[in-house]
$ cat model15.csv   # CSV, C-alpha atoms
chain,number,residue,atom,x,y,z
D,1,MET,CA,9.8,8.2,-8.3
D,2,LEU,CA,7.1,6.6,-10.3
D,3,LEU,CA,4.8,5.3,-7.5
D,4,ASP,CA,2.5,8.3,-7.5
D,5,GLU,CA,2.5,9.3,-11.2
D,6,ASP,CA,2.6,5.9,-12.9
D,7,PRO,CA,2.2,3.0,-10.4
D,8,GLU,CA,1.9,0.3,-13.1
D,9,ARG,CA,5.3,1.3,-14.5
D,10,ALA,CA,6.7,1.5,-11.0
D,11,TYR,CA,5.5,-2.0,-10.4
D,12,ALA,CA,7.1,-3.2,-13.6
D,13,HIS,CA,10.5,-1.8,-12.5
D,14,ALA,CA,10.1,-3.3,-9.0
D,15,ALA,CA,9.2,-6.7,-10.4
D,16,TYR,CA,12.2,-6.7,-12.6
D,17,ALA,CA,14.5,-5.8,-9.7
D,18,ARG,CA,12.9,-8.6,-7.6
D,19,ARG,CA,13.7,-11.2,-10.4
D,20,LYS,CA,17.3,-10.0,-10.3
D,21,ALA,CA,17.9,-9.6,-6.5
D,22,SER,CA,15.1,-11.2,-4.5
D,23,ARG,CA,17.4,-11.7,-1.5
D,24,VAL,CA,18.0,-8.0,-1.0
D,25,PRO,CA,15.6,-6.6,1.7
D,26,GLY,CA,15.3,-3.2,0.0
D,27,VAL,CA,14.3,-4.8,-3.3
D,28,ARG,CA,11.6,-6.9,-1.6
D,29,GLU,CA,10.3,-3.8,0.3
D,30,ALA,CA,10.1,-1.8,-3.0
D,31,SER,CA,8.5,-4.7,-4.8
D,32,GLY,CA,5.9,-5.1,-1.9
D,33,VAL,CA,5.0,-1.4,-1.8
D,34,ALA,CA,4.7,-1.3,-5.6
D,35,ALA,CA,2.5,-4.4,-5.6
D,36,TYR,CA,0.3,-2.8,-2.9
D,37,THR,CA,0.0,0.4,-4.9
D,38,VAL,CA,-1.5,-1.5,-7.8
D,39,GLY,CA,-3.8,-3.7,-5.6
D,40,LYS,CA,-1.8,-6.9,-5.8
D,41,TRP,CA,-2.5,-7.7,-2.1
D,42,GLN,CA,-1.2,-11.3,-1.8
D,43,GLU,CA,2.0,-10.5,-3.7
D,44,ALA,CA,2.6,-7.3,-1.6
D,45,LEU,CA,2.0,-9.3,1.6
D,46,SER,CA,4.5,-12.0,0.6
D,47,ASP,CA,7.2,-9.5,-0.3
D,48,LEU,CA,6.7,-7.3,2.8
D,49,ARG,CA,6.8,-10.4,5.0
D,50,ALA,CA,10.1,-11.3,3.4
D,51,ALA,CA,11.5,-7.8,3.7
D,52,ARG,CA,10.5,-7.7,7.4
D,53,ARG,CA,12.2,-11.1,8.0
D,54,MET,CA,15.4,-10.2,6.2
D,55,SER,CA,15.7,-6.6,7.6
D,56,GLY,CA,14.2,-6.9,11.0
D,57,ARG,CA,12.3,-3.7,10.3
D,58,ASP,CA,8.6,-3.4,11.4
D,59,SER,CA,7.7,-0.3,9.5
D,60,PHE,CA,5.7,-2.3,6.9
D,61,LEU,CA,3.0,-3.4,9.4
D,62,ALA,CA,0.3,-0.9,8.3
D,63,ILE,CA,0.6,-1.9,4.7
D,64,MET,CA,0.7,-5.6,5.5
D,65,ALA,CA,-2.5,-5.2,7.6
D,66,ASP,CA,-4.1,-3.2,4.8
D,67,CYS,CA,-3.3,-6.0,2.4
D,68,GLU,CA,-5.2,-8.4,4.6
D,69,ARG,CA,-8.2,-6.1,4.4
D,70,GLY,CA,-7.8,-6.1,0.6
D,71,LEU,CA,-8.0,-9.9,0.7
D,72,GLY,CA,-11.2,-9.7,2.7
D,73,ARG,CA,-9.6,-10.8,6.0
D,74,PRO,CA,-10.2,-8.0,8.5
D,75,GLU,CA,-9.6,-10.3,11.5
D,76,ARG,CA,-6.1,-11.0,10.2
D,77,ALA,CA,-5.6,-7.3,9.7
D,78,LEU,CA,-6.4,-6.7,13.4
D,79,GLU,CA,-3.9,-9.4,14.4
D,80,ILE,CA,-1.2,-7.5,12.6
D,81,THR,CA,-2.2,-4.1,14.0
D,82,GLY,CA,-2.0,-5.7,17.5
D,83,ASP,CA,1.5,-6.9,16.9
D,84,PRO,CA,3.7,-6.0,20.0
D,85,ALA,CA,6.3,-4.5,17.6
D,86,ALA,CA,3.9,-1.7,17.0
D,87,ALA,CA,4.9,-0.1,20.3
D,88,SER,CA,8.3,0.7,18.9
D,89,LEU,CA,7.1,2.3,15.7
D,90,ASP,CA,7.4,6.1,15.2
D,91,THR,CA,4.3,8.2,15.5
D,92,ALA,CA,3.4,8.3,11.8
D,93,ASP,CA,3.6,4.5,11.5
D,94,ARG,CA,1.6,4.0,14.7
D,95,ILE,CA,-1.1,6.3,13.5
D,96,GLU,CA,-1.3,4.5,10.1
D,97,LEU,CA,-1.8,1.2,12.1
D,98,ARG,CA,-4.6,2.7,14.0
D,99,ILE,CA,-6.2,4.0,10.8
D,100,VAL,CA,-6.0,0.5,9.2
D,101,ALA,CA,-7.4,-1.1,12.4
D,102,ALA,CA,-10.3,1.3,12.3
D,103,GLY,CA,-10.9,0.3,8.7
D,104,ALA,CA,-10.9,-3.3,9.6
D,105,ARG,CA,-13.4,-2.7,12.3
D,106,ARG,CA,-15.6,-1.0,9.8
D,107,ASP,CA,-15.2,-3.9,7.4
D,108,MET,CA,-16.7,-6.0,10.2
D,109,GLY,CA,-19.6,-3.6,10.6
D,110,ASP,CA,-18.6,-2.2,13.9
D,111,ALA,CA,-18.2,1.6,13.5
D,112,LYS,CA,-18.2,2.2,17.3
D,113,ALA,CA,-15.2,0.0,17.7
D,114,ALA,CA,-13.6,1.7,14.7
D,115,LEU,CA,-14.0,5.1,16.5
D,116,ALA,CA,-12.4,3.7,19.6
D,117,GLU,CA,-9.4,2.6,17.6
D,118,LEU,CA,-8.8,6.2,16.6
D,119,GLN,CA,-9.2,7.8,20.0
D,120,VAL,CA,-5.6,8.4,20.7
D,121,PRO,CA,-3.7,11.3,22.3
D,122,GLU,CA,-2.6,12.5,18.9
D,123,LEU,CA,-6.1,13.8,18.2
D,124,LYS,CA,-4.9,16.9,20.1
D,125,GLU,CA,-2.0,17.4,17.7
D,126,ARG,CA,-2.1,20.8,15.9
D,127,ARG,CA,1.0,20.7,13.7
D,128,ALA,CA,0.6,20.3,9.9
D,129,ARG,CA,1.7,16.8,9.2
D,130,PRO,CA,0.3,14.3,6.7
D,131,TRP,CA,-0.4,11.7,9.4
D,132,VAL,CA,-2.2,14.3,11.5
D,133,ALA,CA,-4.5,15.2,8.6
D,134,ARG,CA,-5.2,11.5,7.9
D,135,LEU,CA,-6.0,10.8,11.6
D,136,PHE,CA,-8.4,13.7,11.8
D,137,TYR,CA,-10.0,12.7,8.5
D,138,ALA,CA,-10.4,9.1,9.5
D,139,TYR,CA,-11.9,10.2,12.8
D,140,ALA,CA,-14.3,12.6,11.1
D,141,ASP,CA,-15.3,9.9,8.6
D,142,VAL,CA,-16.4,7.5,11.3
D,143,LEU,CA,-18.2,10.2,13.3
D,144,GLU,CA,-20.2,11.0,10.2
D,145,GLU,CA,-21.1,7.3,9.8
D,146,LEU,CA,-22.3,7.2,13.4
D,147,GLY,CA,-24.5,10.2,12.7
D,148,ARG,CA,-22.5,12.7,14.8
D,149,GLU,CA,-22.5,15.4,12.2
D,150,ASP,CA,-21.4,18.3,14.4
D,151,ASP,CA,-18.3,16.3,15.6
D,152,ALA,CA,-17.6,15.2,12.1
D,153,ARG,CA,-17.7,18.8,10.8
D,154,GLU,CA,-15.2,19.8,13.5
D,155,TYR,CA,-12.7,17.1,12.6
D,156,PHE,CA,-13.1,17.5,8.8
D,157,SER,CA,-12.3,21.2,9.5
D,158,ARG,CA,-9.3,20.3,11.6
D,159,ALA,CA,-8.1,17.9,8.8
D,160,SER,CA,-8.5,20.7,6.3
D,161,ALA,CA,-6.5,23.1,8.4
D,162,VAL,CA,-3.4,20.9,8.8
D,163,ASP,CA,-3.6,19.1,5.4
D,164,SER,CA,-0.9,21.2,3.7
D,165,ASP,CA,0.1,18.4,1.4
D,166,GLY,CA,-3.4,17.6,0.2
D,167,VAL,CA,-3.5,14.0,1.3
D,168,THR,CA,-7.2,14.0,2.0
D,169,ASP,CA,-10.4,15.5,0.4
D,170,ALA,CA,-11.4,17.1,3.7
D,171,ASP,CA,-12.4,20.3,2.0
D,172,GLU,CA,-14.9,18.5,-0.2
D,173,ARG,CA,-16.3,16.5,2.7
D,174,LEU,CA,-16.6,19.6,4.9
D,175,ALA,CA,-18.4,21.4,2.0
D,176,ALA,CA,-20.8,18.5,1.6
D,177,ILE,CA,-21.7,18.6,5.3
D,178,GLU,CA,-22.1,22.4,5.2
D,179,GLY,CA,-24.3,22.2,2.1
D,180,VAL,CA,-22.1,24.5,0.1
D,181,GLU,CA,-20.1,24.2,-3.1
D,182,LEU,CA,-16.3,24.3,-3.1
D,183,VAL,CA,-15.6,26.4,-6.2
D,184,ASP,CA,-12.0,27.4,-6.0
D,185,VAL,CA,-8.8,27.1,-4.0
D,186,ASP,CA,-6.4,30.0,-4.1
D,187,THR,CA,-2.8,29.6,-2.9
D,188,GLU,CA,-2.9,32.9,-1.1
D,189,ASP,CA,-6.5,33.4,0.0
D,190,GLY,CA,-7.3,29.8,0.6
D,191,ILE,CA,-10.6,28.1,0.0
D,192,VAL,CA,-13.4,30.0,-1.7
D,193,TRP,CA,-17.0,28.8,-0.9
D,194,THR,CA,-20.2,29.8,-2.6
D,195,ASP,CA,-21.9,31.2,0.5
D,196,ALA,CA,-19.2,31.9,3.0
D,197,GLU,CA,-16.1,34.2,2.9
D,198,GLU,CA,-14.3,32.5,5.8
D,199,GLN,CA,-14.3,29.2,7.6
D,200,GLU,CA,-13.7,29.3,11.4
D,201,LEU,CA,-11.0,27.0,12.6
D,202,PRO,CA,-11.5,25.0,15.8
D,203,GLU,CA,-9.8,26.0,19.0
D,204,ALA,CA,-6.5,24.1,19.6
D,205,ASP,CA,-7.3,23.1,23.2
D,206,GLU,CA,-10.7,21.5,22.6
D,207,ALA,CA,-11.0,17.9,23.8
D,208,PRO,CA,-11.3,15.2,21.2
D,209,ALA,CA,-14.8,14.4,20.1
D,210,GLY,CA,-16.2,11.4,22.0
D,211,GLU,CA,-14.6,12.4,25.4
D,212,GLY,CA,-17.3,13.0,27.9
D,213,ARG,CA,-20.0,12.0,25.4
D,214,ASP,CA,-21.8,8.9,24.3
D,215,ARG,CA,-19.1,6.8,23.1
D,216,ARG,CA,-16.8,6.1,17.5
D,217,ASP,CA,-13.6,5.0,12.5
D,218,ASP,CA,-11.5,3.6,5.9
D,219,ARG,CA,-12.3,3.2,4.0
D,220,ASP,CA,-9.0,5.3,3.2
D,221,GLY,CA,-8.8,8.9,3.9
D,222,GLY,CA,-5.8,9.7,2.0
D,223,ARG,CA,-4.3,6.2,1.9
D,224,ALA,CA,-2.7,5.2,-1.4
D,225,PRO,CA,-4.4,2.5,-3.3
D,226,ARG,CA,-7.0,1.5,-0.7
D,227,ASP,CA,-9.3,3.5,1.6
D,228,ARG,CA,-7.9,2.9,5.0
D,229,TYR,CA,-10.7,5.0,6.5
$ encode --input "model15.csv" --output "structure tokens"
Amino acid sequence: MLLDEDPERAYAHAAYARRKASRVPGVREASGVAAYTVGKWQEALSDLRAARRMSGRDSFLAIMADCERGLGRPERALEITGDPAAASLDTADRIELRIVAAGARRDMGDAKAALAELQVPELKERRARPWVARLFYAYADVLEELGREDDAREYFSRASAVDSDGVTDADERLAAIEGVELVDVDTEDGIVWTDAEEQELPEADEAPAGEGRDRRDDRDGGRAPRDRY
């Protein structure tokens, strides 16, 4: 309950629970996530490894890999994102792994490899889901780094269109590319721009940027404490 509004307090509660029940998988998971949220990478990594070992669950892989990034070890992050267990994860967790992998590639100075990490079939997804918005945002972020502004504009626009939960700042990034100022957001009328009344949404059946063109990556586009994009 406190992770988003008061992460330090959440961490204090989790640390207390860990002292009392360190052999309970759920406690170690909560402690690891809380430590991650406040940037305690090594502690989070240790707790999540223990939670994975005790529970047999692999859903912590993305956070574990991101902790390795936080510790300045992108190569180890890539080892985790390449874990064979990733194949059995649900779609949201698999996409998070790809976002972290892209971030690790960028940490290593290889934006083209980062783009390749994100070129997945889910780029054609059109439903409003937090992981869809984050994928589009991450993809757009790397496209912009590579100087492909038109493609970046398209994917920031797509991220904005499906980001019903506000997990990214796609609106602001799109405004910066367009050279306009985002002045208001109305719950009924949507975004209000200084020099445009309406933003055109991309067609649903367009191919992902990068297909059929010169071949693409967090720092985090909506990721909790760190920038996975």
$ residues_around --input "model15.csv" --residues "segment 92-106 of chain D" --least-positions-apart "3" --cutoff "9 Å" --atoms "only C-alpha atoms" --output "PyMOL selection string"
chain D and resi 59-63+65-66+69+73-75+77-78+80-82+86-89+109-118+120+122+130-132+134-135+138-139+142+217-221+223+227-229
$ closest_atom_pairs --input "model15.csv" --of "segment 22-116 of chain D" --to "segment 4-12 of chain D" --cutoff "10 Å" --atoms "all atoms listed in the file" --output "tab-separated table"
residue	atom	partner	partner_atom	distance
D:Ala30	CA	D:Tyr11	CA	8.7
D:Ser31	CA	D:Tyr11	CA	6.9
D:Gly32	CA	D:Tyr11	CA	9.1
D:Val33	CA	D:Tyr11	CA	8.6
D:Ala34	CA	D:Tyr11	CA	4.9
D:Ala35	CA	D:Tyr11	CA	6.1
D:Tyr36	CA	D:Tyr11	CA	9.2
D:Thr37	CA	D:Pro7	CA	6.5
D:Val38	CA	D:Pro7	CA	6.4
D:Lys40	CA	D:Tyr11	CA	9.9
$ atom_distance --input "model15.csv" --atom1 "atom CA of Gly72 of chain D" --atom2 "atom CA of Tyr16 of chain D"
28.1 Å
$ atom_distance --input "model15.csv" --atom1 "atom CA of His13 of chain D" --atom2 "atom CA of Gly39 of chain D"
16.0 Å
$ closest_residue --input "model15.csv" --among "D:Arg76, D:Lys124, D:Lys20, D:Arg129" --to "Met108 of chain D" --atoms "all atoms listed in the file"
D:Arg76
$ decode --input "model15.csv" --residues "segment 125-141 of chain D" --atoms "N, CA and C atoms" --output "PDB file, in the first residue's frame"
ATOM      1  N   GLU D 125       0.721  -4.337 -30.638  1.00  0.00           N
ATOM      2  CA  GLU D 125      -0.384  -4.348 -29.680  1.00  0.00           C
ATOM      3  C   GLU D 125      -1.081  -2.990 -29.655  1.00  0.00           C
ATOM      4  N   ARG D 126      -2.416  -2.997 -29.549  1.00  0.00           N
ATOM      5  CA  ARG D 126      -3.163  -1.739 -29.541  1.00  0.00           C
ATOM      6  C   ARG D 126      -3.983  -1.538 -28.275  1.00  0.00           C
ATOM      7  N   ARG D 127      -4.095  -2.556 -27.416  1.00  0.00           N
ATOM      8  CA  ARG D 127      -4.899  -2.406 -26.212  1.00  0.00           C
ATOM      9  C   ARG D 127      -4.184  -1.540 -25.178  1.00  0.00           C
ATOM     10  N   ALA D 128      -4.968  -0.853 -24.367  1.00  0.00           N
ATOM     11  CA  ALA D 128      -4.395   0.017 -23.330  1.00  0.00           C
ATOM     12  C   ALA D 128      -3.988  -0.832 -22.133  1.00  0.00           C
ATOM     13  N   ARG D 129      -2.692  -1.089 -22.038  1.00  0.00           N
ATOM     14  CA  ARG D 129      -2.120  -1.839 -20.923  1.00  0.00           C
ATOM     15  C   ARG D 129      -0.856  -1.097 -20.480  1.00  0.00           C
ATOM     16  N   PRO D 130      -0.561  -1.082 -19.171  1.00  0.00           N
ATOM     17  CA  PRO D 130       0.661  -0.396 -18.728  1.00  0.00           C
ATOM     18  C   PRO D 130       1.909  -0.896 -19.431  1.00  0.00           C
ATOM     19  N   TRP D 131       2.032  -2.211 -19.637  1.00  0.00           N
ATOM     20  CA  TRP D 131       3.242  -2.740 -20.270  1.00  0.00           C
ATOM     21  C   TRP D 131       3.327  -2.350 -21.739  1.00  0.00           C
ATOM     22  N   VAL D 132       2.163  -2.172 -22.384  1.00  0.00           N
ATOM     23  CA  VAL D 132       2.161  -1.727 -23.784  1.00  0.00           C
ATOM     24  C   VAL D 132       2.690  -0.296 -23.864  1.00  0.00           C
ATOM     25  N   ALA D 133       2.200   0.558 -22.986  1.00  0.00           N
ATOM     26  CA  ALA D 133       2.657   1.953 -22.970  1.00  0.00           C
ATOM     27  C   ALA D 133       4.157   2.020 -22.702  1.00  0.00           C
ATOM     28  N   ARG D 134       4.652   1.207 -21.774  1.00  0.00           N
ATOM     29  CA  ARG D 134       6.064   1.235 -21.444  1.00  0.00           C
ATOM     30  C   ARG D 134       6.915   0.727 -22.593  1.00  0.00           C
ATOM     31  N   LEU D 135       6.433  -0.305 -23.292  1.00  0.00           N
ATOM     32  CA  LEU D 135       7.167  -0.819 -24.455  1.00  0.00           C
ATOM     33  C   LEU D 135       7.257   0.238 -25.540  1.00  0.00           C
ATOM     34  N   PHE D 136       6.126   0.855 -25.888  1.00  0.00           N
ATOM     35  CA  PHE D 136       6.135   1.900 -26.914  1.00  0.00           C
ATOM     36  C   PHE D 136       7.054   3.047 -26.515  1.00  0.00           C
ATOM     37  N   TYR D 137       6.982   3.432 -25.246  1.00  0.00           N
ATOM     38  CA  TYR D 137       7.796   4.550 -24.757  1.00  0.00           C
ATOM     39  C   TYR D 137       9.280   4.216 -24.862  1.00  0.00           C
ATOM     40  N   ALA D 138       9.650   3.017 -24.410  1.00  0.00           N
ATOM     41  CA  ALA D 138      11.050   2.613 -24.460  1.00  0.00           C
ATOM     42  C   ALA D 138      11.550   2.591 -25.899  1.00  0.00           C
ATOM     43  N   TYR D 139      10.731   2.069 -26.780  1.00  0.00           N
ATOM     44  CA  TYR D 139      11.097   1.991 -28.198  1.00  0.00           C
ATOM     45  C   TYR D 139      11.295   3.396 -28.767  1.00  0.00           C
ATOM     46  N   ALA D 140      10.355   4.296 -28.461  1.00  0.00           N
ATOM     47  CA  ALA D 140      10.454   5.674 -28.940  1.00  0.00           C
ATOM     48  C   ALA D 140      11.696   6.359 -28.396  1.00  0.00           C
ATOM     49  N   ASP D 141      12.015   6.094 -27.134  1.00  0.00           N
ATOM     50  CA  ASP D 141      13.161   6.729 -26.492  1.00  0.00           C
ATOM     51  C   ASP D 141      14.463   6.366 -27.211  1.00  0.00           C
TER      52      ASP D 141
END
